[in-house]
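Trainee: The following file, coords32.txt, comprises compact mmCIF, C-alpha atoms:
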# COMPACT_ATOMS: atom_id res chain seq x y z
CA MET A 1038 -15.20 -2.36 10.39
CA SER A 1039 -14.37 -6.04 10.86
CA ASP A 1040 -11.49 -7.91 9.24
CA ASP A 1041 -13.98 -9.26 6.71
CA GLU A 1042 -14.81 -5.69 5.67
CA LEU A 1043 -11.26 -4.32 5.31
CA PRO A 1044 -10.70 -2.79 1.88
CA ASP A 1045 -8.26 -3.96 -0.75
CA ILE A 1046 -5.28 -1.63 -0.98
CA PRO A 1047 -4.08 -0.29 -4.36
CA VAL A 1048 -0.44 -1.11 -5.08
CA VAL A 1049 1.56 0.43 -7.92
CA CYS A 1050 4.86 -0.53 -9.47
CA ASP A 1051 6.35 2.08 -11.75
CA GLY A 1052 9.16 -0.33 -12.66
CA CYS A 1053 6.71 -2.85 -14.10
CA GLY A 1054 4.05 -0.35 -15.10
CA THR A 1055 1.46 -2.27 -13.09
CA ARG A 1056 -1.32 -1.46 -10.67
CA THR A 1057 -3.27 -3.98 -8.60
CA SER A 1058 -5.29 -4.27 -5.42
CA VAL A 1059 -4.20 -6.48 -2.54
CA ALA A 1060 -6.12 -7.55 0.54
CA PHE A 1061 -5.40 -5.26 3.49
CA ASP A 1062 -3.85 -7.99 5.63
CA GLU A 1063 -1.59 -9.20 2.79
CA VAL A 1064 -0.36 -5.90 1.34
CA GLU A 1065 2.94 -5.63 3.25
CA ALA A 1066 4.04 -9.18 2.38
CA ALA A 1067 2.85 -8.86 -1.23
CA VAL A 1068 4.80 -5.65 -1.85
CA GLU A 1069 7.91 -7.05 -0.20
CA ARG A 1070 7.66 -10.30 -2.19
CA HIS A 1071 7.18 -8.42 -5.47
CA ASN A 1072 10.18 -6.20 -4.83
CA GLU A 1073 12.37 -9.15 -3.79
CA GLN A 1074 11.41 -11.28 -6.79
CA LEU A 1075 11.38 -8.63 -9.50
CA HIS A 1076 13.56 -5.76 -8.32
CA ASP A 1077 16.35 -7.39 -6.27
CA GLY A 1078 14.81 -6.02 -3.06
CA GLU A 1079 14.77 -2.41 -4.25
CA LYS A 1080 11.60 -0.65 -3.07
CA VAL A 1081 9.97 -0.08 -6.44
CA ALA A 1082 6.42 -1.36 -5.83
CA GLN A 1083 4.50 0.45 -3.11
CA VAL A 1084 1.07 1.26 -1.80
CA ASP A 1085 -0.39 3.95 -4.04
CA PRO A 1086 1.15 7.21 -2.76
CA GLU A 1087 -2.19 9.06 -3.02
CA VAL A 1088 -3.77 6.49 -0.71
CA MET A 1089 -0.90 6.79 1.76
CA GLU A 1090 -1.21 10.59 1.75
CA ALA A 1091 -4.95 10.44 2.37
CA LEU A 1092 -4.43 7.95 5.19
CA ALA A 1093 -1.74 10.12 6.78
CA ASP A 1094 -4.07 13.13 6.63
CA ARG A 1095 -6.87 11.19 8.34
CA VAL A 1096 -4.57 9.92 11.07
CA ALA A 1097 -3.22 13.43 11.65
CA GLU A 1098 -6.78 14.76 11.96
CA ASP A 1099 -7.76 11.94 14.34
CA ILE A 1100 -4.87 12.70 16.69
CA GLY A 1101 -5.36 16.46 16.47
CA LEU A 1102 -2.36 17.46 14.37
CA LEU A 1103 -4.48 19.09 11.65
Let me see the file written as structure tokens.

Mentor:
Amino acid sequence: MSDDELPDIPVVCDGCGTRTSVAFDEVEAAVERHNEQLHDGEKVAQVDPEVMEALADRVAEDIGLL
């Protein structure tokens, strides 16, 4: 998969009641910026926890932990 083919990442903010998708290479900065601007730096917005769990499972399988 090339950089041009990287998926958008779902981001949720329970504090705002919003859900959006952000380009893979921008997700970290976008979440940090959102939290700084709208939540005084508190980590409210985040990558969708279900996506993070699925990613963690795949990584664990790839390195032989599962």

Trainee: Find the spatial neighbours of Pro1044 (chain A), counting all atoms listed in the file, within a cut-off of 12 Å - ignore same-chain residues fewer than 5 positions away - and output them as a ChimeraX atom specification.

Mentor: /A:1038-1039,1058-1064,1088

Trainee: Have a look at CA of Gln1074 (chain A) and CA of Pro1047 (chain A) and let me know their distance in Å, one decimal.

Mentor: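 CA of Gln1074 (chain A) sits 19.1 Å away from CA of Pro1047 (chain A).
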
Trainee: Glu1069 (chain A): which residues within 8 Å, counting all atoms listed in the file, same-chain residues fewer than 4 positions away excluded, as a list of chain:residue names?

Mentor: A:Glu1065, A:Glu1073, A:Gly1078, A:Lys1080

Trainee: CA of Leu1102 (chain A) and CA of Met1089 (chain A), how far apart in Å?

Mentor: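 Straight-line distance from CA of Met1089 (chain A) to CA of Leu1102 (chain A) works out to 16.6 Å.
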
Trainee: Would you mind telling me which residue in A:Asp1099, A:Asp1085, A:Asp1077, A:Asp1094 lies nearest to Cys1050 (chain A) when using all atoms listed in the file?

Mentor: A:Asp1085

Trainee: Quick one: pull the distance between CA of Asn1072 (chain A) and CA of Val1049 (chain A), Å, one decimal.

Mentor: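 About the pair CA of Asn1072 (chain A) and CA of Val1049 (chain A): they are 11.3 Å apart.
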
Trainee: So that I can check the surroundings of Val1048 (chain A), please list as JSON, numbers by chain every protein, DNA and RNA residue that reaches within 7 Å of it, counting only C-alpha atoms and ignoring chain neighbours fewer than 6 positions away.

Mentor: {"A": [1056, 1057, 1058, 1082, 1083, 1084, 1085]}

Trainee: Quick one: residues within 7 Å of (12.5, 2.2, -7.8) (file frame), counting all atoms listed in the file, please, as a CSV table (one decimal) with C-alpha atoms, in the frame of the given file.

Mentor:
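The file below, result.csv, is the result:
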chain,number,residue,atom,x,y,z
A,1052,GLY,CA,9.2,-0.3,-12.7
A,1079,GLU,CA,14.8,-2.4,-4.2
A,1080,LYS,CA,11.6,-0.6,-3.1
A,1081,VAL,CA,10.0,-0.1,-6.4

Trainee: Would you mind telling me which residue in A:Ala1091, A:Ala1067, A:Val1096, A:Leu1075 lies nearest to Cys1053 (chain A) when using all atoms listed in the file?

Mentor: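 Selected residue with least distance to Cys1053 (chain A): A:Leu1075.
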